[in-house]
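Chemist: Sharing query_28.cif below, mmCIF, C-alpha atoms:
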data_structure
loop_
_atom_site.group_PDB
_atom_site.id
_atom_site.type_symbol
_atom_site.label_atom_id
_atom_site.label_comp_id
_atom_site.auth_asym_id
_atom_site.auth_seq_id
_atom_site.Cartn_x
_atom_site.Cartn_y
_atom_site.Cartn_z
ATOM 1 C CA MET A 1 0.000 0.000 0.000
ATOM 2 C CA GLY A 2 1.703 3.198 -1.158
ATOM 3 C CA GLY A 3 4.968 1.303 -1.371
ATOM 4 C CA ARG A 4 4.756 0.320 2.312
ATOM 5 C CA GLN A 5 4.069 -3.028 3.930
ATOM 6 C CA TYR A 6 1.456 -3.394 6.655
ATOM 7 C CA LEU A 7 0.773 -6.040 9.268
ATOM 8 C CA TYR A 8 -2.818 -7.274 9.403
ATOM 9 C CA ARG A 9 -4.654 -9.433 11.890
ATOM 10 C CA ILE A 10 -7.111 -11.789 10.200
ATOM 11 C CA VAL A 11 -10.201 -11.912 12.414
ATOM 12 C CA ASP A 12 -12.160 -14.179 10.058
ATOM 13 C CA ARG A 13 -12.648 -14.678 6.336
ATOM 14 C CA TYR A 14 -14.352 -11.320 6.018
ATOM 15 C CA THR A 15 -12.559 -9.141 8.560
ATOM 16 C CA HIS A 16 -8.927 -7.970 8.517
ATOM 17 C CA LYS A 17 -7.617 -5.436 11.015
ATOM 18 C CA SER A 18 -4.534 -3.331 10.311
ATOM 19 C CA LEU A 19 -1.920 -3.281 13.071
ATOM 20 C CA GLY A 20 0.163 -0.607 11.398
ATOM 21 C CA PRO A 21 3.000 -0.273 8.880
ATOM 22 C CA ARG A 22 6.059 -2.494 8.950
ATOM 23 C CA THR A 23 8.360 -1.318 11.743
ATOM 24 C CA ALA A 24 10.603 -2.925 14.327
ATOM 25 C CA ALA A 25 7.621 -2.997 16.685
ATOM 26 C CA THR A 26 5.260 -4.712 14.231
ATOM 27 C CA GLU A 27 8.049 -7.104 13.206
ATOM 28 C CA GLN A 28 8.370 -8.136 16.857
ATOM 29 C CA LEU A 29 4.591 -8.382 17.145
ATOM 30 C CA LYS A 30 4.503 -10.766 14.197
ATOM 31 C CA GLN A 31 7.390 -12.828 15.581
ATOM 32 C CA ASP A 32 5.688 -13.117 18.968
ATOM 33 C CA TYR A 33 2.516 -14.250 17.228
ATOM 34 C CA MET A 34 4.329 -16.876 15.149
ATOM 35 C CA THR A 35 6.086 -18.232 18.240
ATOM 36 C CA SER A 36 2.821 -18.373 20.157
ATOM 37 C CA ARG A 37 1.013 -20.035 17.234
ATOM 38 C CA THR A 38 3.655 -22.744 16.955
ATOM 39 C CA ALA A 39 3.454 -23.450 20.687
ATOM 40 C CA ASN A 40 -0.349 -23.534 20.622
ATOM 41 C CA ARG A 41 -0.446 -25.882 17.643
ATOM 42 C CA SER A 42 1.953 -28.220 19.401
ATOM 43 C CA ARG A 43 -0.176 -28.108 22.547
ATOM 44 C CA ILE A 44 -3.362 -28.807 20.575
ATOM 45 C CA THR A 45 -1.718 -31.769 18.837
ATOM 46 C CA LYS A 46 -0.674 -33.246 22.190
ATOM 47 C CA LEU A 47 -4.134 -32.687 23.679
ATOM 48 C CA ARG A 48 -5.821 -34.305 20.680
ATOM 49 C CA LYS A 49 -3.553 -37.340 20.995
ATOM 50 C CA ALA A 50 -4.431 -37.561 24.687
ATOM 51 C CA LEU A 51 -8.149 -37.408 23.870
ATOM 52 C CA GLU A 52 -7.790 -40.061 21.193
ATOM 53 C CA LYS A 53 -5.903 -42.249 23.658
ATOM 54 C CA SER A 54 -8.675 -41.905 26.243
ATOM 55 C CA ALA A 55 -11.488 -42.558 23.729
ATOM 56 C CA PRO A 56 -11.342 -46.397 24.007
ATOM 57 C CA ILE A 57 -11.307 -46.078 27.796
ATOM 58 C CA ASN A 58 -14.386 -43.844 27.723
ATOM 59 C CA ARG A 59 -16.185 -46.390 25.556
ATOM 60 C CA ALA A 60 -15.143 -49.306 27.771
ATOM 61 C CA MET A 61 -16.357 -47.512 30.901
ATOM 62 C CA GLY A 62 -19.758 -46.772 29.383
ATOM 63 C CA LEU A 63 -19.185 -43.021 29.334
ATOM 64 C CA ALA A 64 -19.730 -42.697 25.573
ATOM 65 C CA ARG A 65 -23.337 -41.592 25.515
ATOM 66 C CA VAL A 66 -24.126 -39.075 22.768
ATOM 67 C CA PRO A 67 -25.124 -40.844 19.513
ATOM 68 C CA ARG A 68 -22.621 -40.491 16.667
ATOM 69 C CA ALA A 69 -25.105 -38.772 14.349
ATOM 70 C CA ALA A 70 -25.946 -36.155 16.959
ATOM 71 C CA ALA A 71 -22.288 -35.642 17.864
ATOM 72 C CA LYS A 72 -21.342 -34.946 14.236
ATOM 73 C CA ILE A 73 -24.108 -32.352 13.990
ATOM 74 C CA LEU A 74 -23.187 -30.703 17.283
ATOM 75 C CA ARG A 75 -19.524 -30.464 16.298
ATOM 76 C CA ALA A 76 -20.377 -29.008 12.891
ATOM 77 C CA LEU A 77 -22.649 -26.342 14.397
ATOM 78 C CA ASP A 78 -20.024 -25.551 17.029
ATOM 79 C CA GLN A 79 -17.333 -25.203 14.374
ATOM 80 C CA ALA A 80 -19.644 -22.886 12.419
ATOM 81 C CA ARG A 81 -19.982 -20.744 15.575
ATOM 82 C CA LEU A 82 -23.735 -21.247 15.662
ATOM 83 C CA LEU A 83 -24.126 -23.522 18.683
ATOM 84 C CA GLY A 84 -24.386 -21.511 21.874
ATOM 85 C CA ASP A 85 -24.704 -18.225 20.017
ATOM 86 C CA GLY A 86 -28.341 -18.127 19.022
ATOM 87 C CA LEU A 87 -28.801 -21.894 18.629
ATOM 88 C CA PHE A 88 -29.300 -24.228 21.594
ATOM 89 C CA VAL A 89 -30.044 -27.916 22.126
ATOM 90 C CA VAL A 90 -33.533 -28.624 23.429
ATOM 91 C CA GLY A 91 -35.590 -31.773 23.601
ATOM 92 C CA THR A 92 -34.310 -35.240 24.400
ATOM 93 C CA HIS A 93 -30.663 -34.712 23.429
ATOM 94 C CA ALA A 94 -30.266 -32.028 26.092
ATOM 95 C CA LEU A 95 -30.443 -34.840 28.647
ATOM 96 C CA TYR A 96 -26.930 -35.931 27.666
ATOM 97 C CA ALA A 97 -25.603 -32.565 28.817
ATOM 98 C CA TYR A 98 -27.540 -32.721 32.074
ATOM 99 C CA GLU A 99 -26.339 -36.215 32.950
ATOM 100 C CA ALA A 100 -22.740 -35.368 32.003
ATOM 101 C CA ARG A 101 -22.621 -32.591 34.585
ATOM 102 C CA SER A 102 -24.802 -34.182 37.272
ATOM 103 C CA GLY A 103 -23.322 -37.688 37.238
ATOM 104 C CA LEU A 104 -26.707 -39.281 36.649
ATOM 105 C CA VAL A 105 -27.254 -41.898 33.968
ATOM 106 C CA PHE A 106 -30.737 -41.590 32.513
ATOM 107 C CA GLN A 107 -32.697 -44.677 31.551
ATOM 108 C CA PRO A 108 -32.661 -45.626 27.835
ATOM 109 C CA GLU A 109 -36.388 -45.026 27.442
ATOM 110 C CA LEU A 110 -35.868 -41.354 28.318
ATOM 111 C CA LEU A 111 -33.197 -40.961 25.632
ATOM 112 C CA ALA A 112 -34.615 -42.915 22.694
ATOM 113 C CA THR A 113 -35.120 -40.635 19.678
ATOM 114 C CA THR A 114 -34.279 -40.355 15.994
ATOM 115 C CA ASP A 115 -34.084 -36.588 15.844
ATOM 116 C CA ILE A 116 -32.365 -33.652 17.495
ATOM 117 C CA ASP A 117 -34.055 -30.328 18.228
ATOM 118 C CA PHE A 118 -32.430 -26.909 18.311
ATOM 119 C CA LEU A 119 -34.008 -23.745 19.672
ATOM 120 C CA ALA A 120 -33.190 -20.665 17.595
ATOM 121 C CA ASP A 121 -33.094 -17.378 19.472
ATOM 122 C CA VAL A 122 -34.215 -15.194 16.580
ATOM 123 C CA ARG A 123 -33.902 -12.093 18.769
ATOM 124 C CA SER A 124 -30.145 -12.547 18.791
ATOM 125 C CA ARG A 125 -27.458 -11.643 16.297
ATOM 126 C CA LEU A 126 -27.723 -15.122 14.780
ATOM 127 C CA VAL A 127 -29.962 -13.896 11.955
ATOM 128 C CA LEU A 128 -27.921 -10.769 11.272
ATOM 129 C CA ALA A 129 -24.649 -12.675 11.290
ATOM 130 C CA ILE A 130 -25.915 -15.147 8.715
ATOM 131 C CA GLU A 131 -27.386 -12.383 6.553
ATOM 132 C CA ASP A 132 -24.018 -10.619 6.605
ATOM 133 C CA LYS A 133 -22.401 -13.930 5.574
ATOM 134 C CA LYS A 134 -20.047 -13.772 8.524
ATOM 135 C CA ARG A 135 -21.053 -17.260 9.540
ATOM 136 C CA THR A 136 -22.067 -20.449 7.819
ATOM 137 C CA GLY A 137 -25.804 -21.028 7.562
ATOM 138 C CA ILE A 138 -27.389 -23.919 9.421
ATOM 139 C CA LEU A 139 -27.899 -26.065 6.335
ATOM 140 C CA ALA A 140 -24.294 -25.592 5.180
ATOM 141 C CA ALA A 141 -23.099 -26.692 8.628
ATOM 142 C CA LEU A 142 -25.344 -29.773 8.526
ATOM 143 C CA LEU A 143 -24.025 -30.697 5.089
ATOM 144 C CA LYS A 144 -20.493 -30.656 6.467
ATOM 145 C CA ALA A 145 -21.603 -33.160 9.093
ATOM 146 C CA ASP A 146 -23.457 -35.302 6.553
ATOM 147 C CA PRO A 147 -23.767 -34.430 2.836
ATOM 148 C CA SER A 148 -27.009 -36.432 2.589
ATOM 149 C CA PHE A 149 -29.031 -33.890 4.601
ATOM 150 C CA THR A 150 -31.893 -32.295 2.679
ATOM 151 C CA VAL A 151 -34.448 -29.730 3.825
ATOM 152 C CA GLN A 152 -38.042 -30.934 3.896
ATOM 153 C CA GLY A 153 -40.973 -29.052 2.407
ATOM 154 C CA ASP A 154 -41.884 -27.477 5.737
ATOM 155 C CA LEU A 155 -38.394 -25.842 5.767
ATOM 156 C CA PHE A 156 -37.766 -26.238 9.519
ATOM 157 C CA ARG A 157 -36.598 -29.845 9.232
ATOM 158 C CA ALA A 158 -33.602 -31.493 7.568
ATOM 159 C CA VAL A 159 -33.279 -35.257 7.211
ATOM 160 C CA ASN A 160 -30.393 -37.460 6.107
ATOM 161 C CA ASP A 161 -30.524 -40.682 4.110
ATOM 162 C CA GLU A 162 -30.696 -42.735 7.323
ATOM 163 C CA GLY A 163 -33.893 -40.995 8.416
ATOM 164 C CA TYR A 164 -32.257 -38.885 11.129
ATOM 165 C CA PHE A 165 -34.066 -35.566 11.617
ATOM 166 C CA VAL A 166 -32.805 -32.154 12.664
ATOM 167 C CA ASP A 167 -35.582 -29.763 13.690
ATOM 168 C CA ILE A 168 -35.022 -26.035 14.179
ATOM 169 C CA ILE A 169 -37.710 -24.351 16.260
ATOM 170 C CA ARG A 170 -38.302 -20.878 17.658
ATOM 171 C CA PRO A 171 -40.842 -19.045 19.832
ATOM 172 C CA MET A 172 -44.167 -18.353 18.144
ATOM 173 C CA ALA A 173 -44.246 -14.869 16.609
ATOM 174 C CA LYS A 174 -47.155 -12.448 16.898
ATOM 175 C CA ASN A 175 -47.402 -12.419 13.111
ATOM 176 C CA GLU A 176 -46.781 -15.935 11.816
ATOM 177 C CA MET A 177 -47.382 -14.775 8.236
ATOM 178 C CA MET A 178 -43.890 -13.248 8.075
ATOM 179 C CA THR A 179 -41.843 -16.404 8.633
ATOM 180 C CA ALA A 180 -39.492 -15.804 5.683
ATOM 181 C CA GLU A 181 -37.629 -13.220 7.761
ATOM 182 C CA TYR A 182 -36.374 -16.066 9.947
ATOM 183 C CA ASP A 183 -34.448 -17.844 7.174
ATOM 184 C CA LEU A 184 -31.281 -19.076 8.906
ATOM 185 C CA GLY A 185 -29.254 -20.137 5.937
ATOM 186 C CA GLY A 186 -31.581 -22.540 4.125
ATOM 187 C CA ILE A 187 -33.724 -23.482 7.119
ATOM 188 C CA VAL A 188 -36.716 -21.541 8.452
ATOM 189 C CA PRO A 189 -37.398 -22.469 12.108
ATOM 190 C CA ALA A 190 -40.943 -23.430 13.035
ATOM 191 C CA GLY A 191 -42.810 -21.271 15.525
ATOM 192 C CA ILE A 192 -43.875 -23.223 18.629
ATOM 193 C CA ASP A 193 -46.066 -21.897 21.422
ATOM 194 C CA GLY A 194 -44.444 -21.764 24.875
ATOM 195 C CA LEU A 195 -40.850 -21.461 23.695
ATOM 196 C CA GLN A 196 -40.705 -17.748 24.488
ATOM 197 C CA TRP A 197 -40.125 -18.802 28.100
ATOM 198 C CA LEU A 198 -37.208 -21.043 27.242
ATOM 199 C CA VAL A 199 -35.437 -18.609 24.960
ATOM 200 C CA SER A 200 -35.148 -16.150 27.857
ATOM 201 C CA SER A 201 -34.012 -18.760 30.392
ATOM 202 C CA PRO A 202 -30.427 -19.138 31.664
ATOM 203 C CA ARG A 203 -28.037 -21.162 29.514
ATOM 204 C CA PHE A 204 -26.321 -24.408 30.445
ATOM 205 C CA GLU A 205 -23.135 -25.798 28.909
ATOM 206 C CA ALA A 206 -21.481 -29.190 29.237
ATOM 207 C CA SER A 207 -18.973 -31.468 27.557
ATOM 208 C CA ALA A 208 -20.450 -34.925 27.129
ATOM 209 C CA ILE A 209 -18.804 -37.997 25.620
ATOM 210 C CA ALA A 210 -19.986 -39.215 22.229
ATOM 211 C CA GLU A 211 -20.194 -42.831 21.090
ATOM 212 C CA ASP A 212 -16.791 -42.440 19.423
ATOM 213 C CA GLY A 213 -15.307 -41.802 22.874
ATOM 214 C CA MET A 214 -14.457 -38.181 22.094
ATOM 215 C CA PRO A 215 -15.908 -35.152 23.899
ATOM 216 C CA VAL A 216 -18.668 -33.090 22.351
ATOM 217 C CA TRP A 217 -19.579 -29.624 23.594
ATOM 218 C CA MET A 218 -23.242 -28.839 24.162
ATOM 219 C CA SER A 219 -25.089 -25.605 24.850
ATOM 220 C CA CYS A 220 -28.604 -26.045 26.206
ATOM 221 C CA ILE A 221 -31.194 -24.302 28.307
ATOM 222 C CA ASP A 222 -31.037 -24.441 32.088
ATOM 223 C CA PRO A 223 -32.163 -27.889 33.351
ATOM 224 C CA ARG A 224 -34.624 -26.271 35.746
ATOM 225 C CA ALA A 225 -36.326 -24.454 32.877
ATOM 226 C CA PHE A 226 -36.250 -27.675 30.840
ATOM 227 C CA ALA A 227 -37.904 -29.658 33.640
ATOM 228 C CA LEU A 228 -40.602 -27.071 34.307
ATOM 229 C CA HIS A 229 -41.360 -26.678 30.611
ATOM 230 C CA LYS A 230 -41.546 -30.452 30.115
ATOM 231 C CA ARG A 231 -43.929 -30.682 33.054
ATOM 232 C CA TRP A 232 -46.143 -28.042 31.438
ATOM 233 C CA VAL A 233 -46.041 -29.883 28.095
ATOM 234 C CA SER A 234 -46.986 -33.155 29.815
ATOM 235 C CA LEU A 235 -50.149 -31.512 31.127
ATOM 236 C CA GLN A 236 -51.395 -30.447 27.687
ATOM 237 C CA THR A 237 -54.377 -32.676 26.936
ATOM 238 C CA SER A 238 -54.032 -32.061 23.196
ATOM 239 C CA ARG A 239 -50.709 -33.926 23.185
ATOM 240 C CA GLU A 240 -50.468 -37.673 22.512
ATOM 241 C CA PRO A 241 -50.747 -39.708 25.757
ATOM 242 C CA LEU A 242 -47.496 -41.639 25.142
ATOM 243 C CA LYS A 243 -45.568 -38.418 24.588
ATOM 244 C CA ARG A 244 -47.142 -36.852 27.677
ATOM 245 C CA ARG A 245 -45.978 -39.744 29.868
ATOM 246 C CA ARG A 246 -42.456 -39.476 28.478
ATOM 247 C CA ASP A 247 -42.497 -35.688 28.965
ATOM 248 C CA ALA A 248 -43.453 -36.201 32.595
ATOM 249 C CA ALA A 249 -40.715 -38.787 33.156
ATOM 250 C CA GLN A 250 -38.106 -36.515 31.566
ATOM 251 C CA ALA A 251 -39.277 -33.574 33.674
ATOM 252 C CA ILE A 252 -38.861 -35.504 36.925
ATOM 253 C CA ALA A 253 -35.479 -36.946 35.910
ATOM 254 C CA VAL A 254 -34.036 -33.585 34.851
ATOM 255 C CA ALA A 255 -35.355 -31.895 38.004
ATOM 256 C CA LYS A 256 -33.367 -34.468 39.993
ATOM 257 C CA ALA A 257 -30.266 -33.710 37.908
ATOM 258 C CA ALA A 258 -30.694 -29.991 38.595
ATOM 259 C CA SER A 259 -30.970 -30.709 42.310
ATOM 260 C CA LEU A 260 -27.761 -32.785 42.259
ATOM 261 C CA LEU A 261 -26.021 -29.889 40.525
ATOM 262 C CA GLY A 262 -27.012 -27.641 43.414
ATOM 263 C CA LEU A 263 -29.322 -25.560 41.237
ATOM 264 C CA GLN A 264 -32.150 -24.140 43.285
ATOM 265 C CA PHE A 265 -35.557 -23.557 41.749
ATOM 266 C CA ASP A 266 -35.215 -19.865 42.484
ATOM 267 C CA ALA A 267 -37.949 -17.562 41.206
ATOM 268 C CA LYS A 268 -35.502 -14.738 40.463
ATOM 269 C CA GLU A 269 -33.157 -16.874 38.375
ATOM 270 C CA LEU A 270 -36.114 -18.325 36.491
ATOM 271 C CA SER A 271 -38.055 -15.084 36.205
ATOM 272 C CA ALA A 272 -38.539 -15.649 32.456
ATOM 273 C CA LEU A 273 -40.969 -18.454 33.292
ATOM 274 C CA PRO A 274 -44.612 -17.538 33.981
ATOM 275 C CA ALA A 275 -45.851 -18.084 37.519
ATOM 276 C CA LYS A 276 -48.157 -20.888 36.333
ATOM 277 C CA ILE A 277 -45.095 -22.782 35.051
ATOM 278 C CA PHE A 278 -42.889 -22.114 38.064
ATOM 279 C CA GLU A 279 -45.604 -23.356 40.437
ATOM 280 C CA GLY A 280 -44.777 -26.910 39.403
ATOM 281 C CA ALA A 281 -41.307 -26.816 40.983
ATOM 282 C CA ASP A 282 -42.307 -28.308 44.344
ATOM 283 C CA ALA A 283 -44.115 -31.199 42.682
ATOM 284 C CA LEU A 284 -41.119 -31.991 40.473
ATOM 285 C CA LEU A 285 -38.700 -31.965 43.386
ATOM 286 C CA ALA A 286 -41.001 -34.430 45.126
ATOM 287 C CA GLY A 287 -40.876 -36.675 42.060
ATOM 288 C CA LYS A 288 -44.417 -35.853 41.008
ATOM 289 C CA ILE A 289 -46.206 -34.013 38.204
#
Since I need it in another form, could you write the structure as structure tokens?
Modeler:
Amino acid sequence: MGGRQYLYRIVDRYTHKSLGPRTAATEQLKQDYMTSRTANRSRITKLRKALEKSAPINRAMGLARVPRAAAKILRALDQARLLGDGLFVVGTHALYAYEARSGLVFQPELLATTDIDFLADVRSRLVLAIEDKKRTGILAALLKADPSFTVQGDLFRAVNDEGYFVDIIRPMAKNEMMTAEYDLGGIVPAGIDGLQWLVSSPRFEASAIAEDGMPVWMSCIDPRAFALHKRWVSLQTSREPLKRRRDAAQAIAVAKAASLLGLQFDAKELSALPAKIFEGADALLAGKI
């Protein structure tokens, strides 16, 4: 530039920040960076080898819980910087995060599913970031996990050639006629009543172990909010009886996990939940609905 050389920091594919013209100071800055990068890469390589070495042990000890298909999706969304930043695990798969932190092992019947649900916080910068092309869209991330994923006609669901579903949902909008504005990179999340409580609830993060023995990072909603919401869902008479019974069982199990984690069903921390939902806390802690 103008016959001078400049040092730039690459923030991402779309953002470069100038650190100034080439001088002794910027030369040293670059050298420090290169030294640090080499050390970090070496450290990451050693850590990865350690994780790979422990993977068979994790499998042998029964710690490998998260299904492979789900783990691949979670890792792809994490790598795309979507998971935990506007996109959160809800539904059955969230139980893997709760048991990983609490030490509980949930019964198989509570975990059986062929789909994974993600809650999209469309209030957040998730939509803007994708529109600005600063991040990969949801569908592109899913295709990296499994190229066979295709979006179904309802647009909120993607399915692979093994019949594994990924559903993206969001709180119901006041005007459900304007759903196109929620396009998150090839997928338009479905509006579901009652999710406005969850999207404002505290977040919960955990590293669980996948079936391949390797860790997988998960970002979910607070287990207390999950349990109370599941209890509410189980009481909806319009829902299928089998699903209602499973909802109730999941609610009680997750409430126990929250208790083991030392999480109190505090009204202030869960202020996003309506009073009618929060009133079920005592029943859940007593193992009832």
Chemist: List the neighbours of A:Leu195 out to 10 Å using only C-alpha atoms; skip same-chain residues closer than 5 positions along the sequence, and give me the result as a ChimeraX atom specification.
Modeler: /A:119-121,169-172,200-201,229
Chemist: Please return, as a list in words, all polymer residues that have at least one atom within 10 Å of the point (-41.6, -31.3, 40.4); use only C-alpha atoms and the file's own coordinate frame.
Modeler: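 So the residues meeting the distance criterion are Arg224, Ala227, Leu228, Arg231, Ala248, Ala251, Ile252, Ala253, Val254, Ala255, Lys256, Phe265, Phe278, Glu279, Gly280, Ala281, Asp282, Ala283, Leu284, Leu285, Ala286, Gly287, Lys288 and Ile289 of chain A.
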Chemist: For the file shown, report as a compact mmCIF listing (two decimals) with C-alpha atoms, in the coordinates of the input the outcome of the PyMOL selection byres ((chain A and resi 74-86) around 10) at residue level.
Modeler:
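File produced: out-v5.txt:
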# COMPACT_ATOMS: atom_id res chain seq x y z
CA ARG A 68 -22.62 -40.49 16.67
CA ALA A 69 -25.10 -38.77 14.35
CA ALA A 70 -25.95 -36.16 16.96
CA ALA A 71 -22.29 -35.64 17.86
CA LYS A 72 -21.34 -34.95 14.24
CA ILE A 73 -24.11 -32.35 13.99
CA LEU A 87 -28.80 -21.89 18.63
CA PHE A 88 -29.30 -24.23 21.59
CA VAL A 89 -30.04 -27.92 22.13
CA ILE A 116 -32.36 -33.65 17.50
CA PHE A 118 -32.43 -26.91 18.31
CA LEU A 119 -34.01 -23.74 19.67
CA ALA A 120 -33.19 -20.66 17.60
CA ASP A 121 -33.09 -17.38 19.47
CA VAL A 122 -34.22 -15.19 16.58
CA ARG A 123 -33.90 -12.09 18.77
CA SER A 124 -30.14 -12.55 18.79
CA ARG A 125 -27.46 -11.64 16.30
CA LEU A 126 -27.72 -15.12 14.78
CA VAL A 127 -29.96 -13.90 11.96
CA ALA A 129 -24.65 -12.68 11.29
CA ILE A 130 -25.92 -15.15 8.72
CA LYS A 134 -20.05 -13.77 8.52
CA ARG A 135 -21.05 -17.26 9.54
CA THR A 136 -22.07 -20.45 7.82
CA GLY A 137 -25.80 -21.03 7.56
CA ILE A 138 -27.39 -23.92 9.42
CA LEU A 139 -27.90 -26.06 6.34
CA ALA A 140 -24.29 -25.59 5.18
CA ALA A 141 -23.10 -26.69 8.63
CA LEU A 142 -25.34 -29.77 8.53
CA LEU A 143 -24.02 -30.70 5.09
CA LYS A 144 -20.49 -30.66 6.47
CA ALA A 145 -21.60 -33.16 9.09
CA ASP A 146 -23.46 -35.30 6.55
CA VAL A 199 -35.44 -18.61 24.96
CA ARG A 203 -28.04 -21.16 29.51
CA PHE A 204 -26.32 -24.41 30.44
CA GLU A 205 -23.14 -25.80 28.91
CA PRO A 215 -15.91 -35.15 23.90
CA VAL A 216 -18.67 -33.09 22.35
CA TRP A 217 -19.58 -29.62 23.59
CA MET A 218 -23.24 -28.84 24.16
CA SER A 219 -25.09 -25.60 24.85
CA CYS A 220 -28.60 -26.04 26.21
CA ILE A 221 -31.19 -24.30 28.31
Chemist: Between atom CA of A:Ser259 and atom CA of A:Met61, what is the distance, to one decimal in Å?
Modeler: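 Atom CA of A:Met61 lies 25.0 Å from atom CA of A:Ser259.
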Chemist: Find, counting all atoms listed in the file, the residue in A:Pro147, A:Gly191, A:Pro56, A:Gly62 that gets nearest to A:Gly213.
Modeler: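 Nearest to A:Gly213: A:Pro56.
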Chemist: Counting all atoms listed in the file, which of A:Ala100, A:Leu273, A:Ala50, A:Val11 gets nearest to A:Ala258?
Modeler: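 Closest residue, counting all atoms listed in the file: A:Ala100.
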Chemist: In Å, rounded to a single decimal, give me how far atom CA of A:Asn160 is from atom CA of A:Arg246.
Modeler: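 If I compute the distance from atom CA of A:Arg246 to atom CA of A:Asn160, I get 25.5 Å.
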Chemist: How many Å lie between atom CA of A:Tyr96 and atom CA of A:Glu211, rounded to one decimal?
Modeler: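 These two atoms are separated by 11.7 Å.
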Chemist: What does the PyMOL selection byres ((chain A and resi 110) around 9) select in this file, as an NGL selection string?
Modeler: :A and (92 or 95 or 106-109 or 111-113 or 246-247 or 249-250 or 253)
Chemist: How would you write, as a PyMOL selection string, the residues chosen by the PyMOL selection byres ((chain A and resi 156-158) around 8) on this structure?
Modeler: chain A and resi 139+149-152+154-155+159-160+165-169+187-190
Chemist: Given the choices A:Arg4, A:Asp161, A:Lys30, A:Val66, which gets closest to A:Ala97 if the distance is worked out from all atoms listed in the file?
Modeler: A:Val66
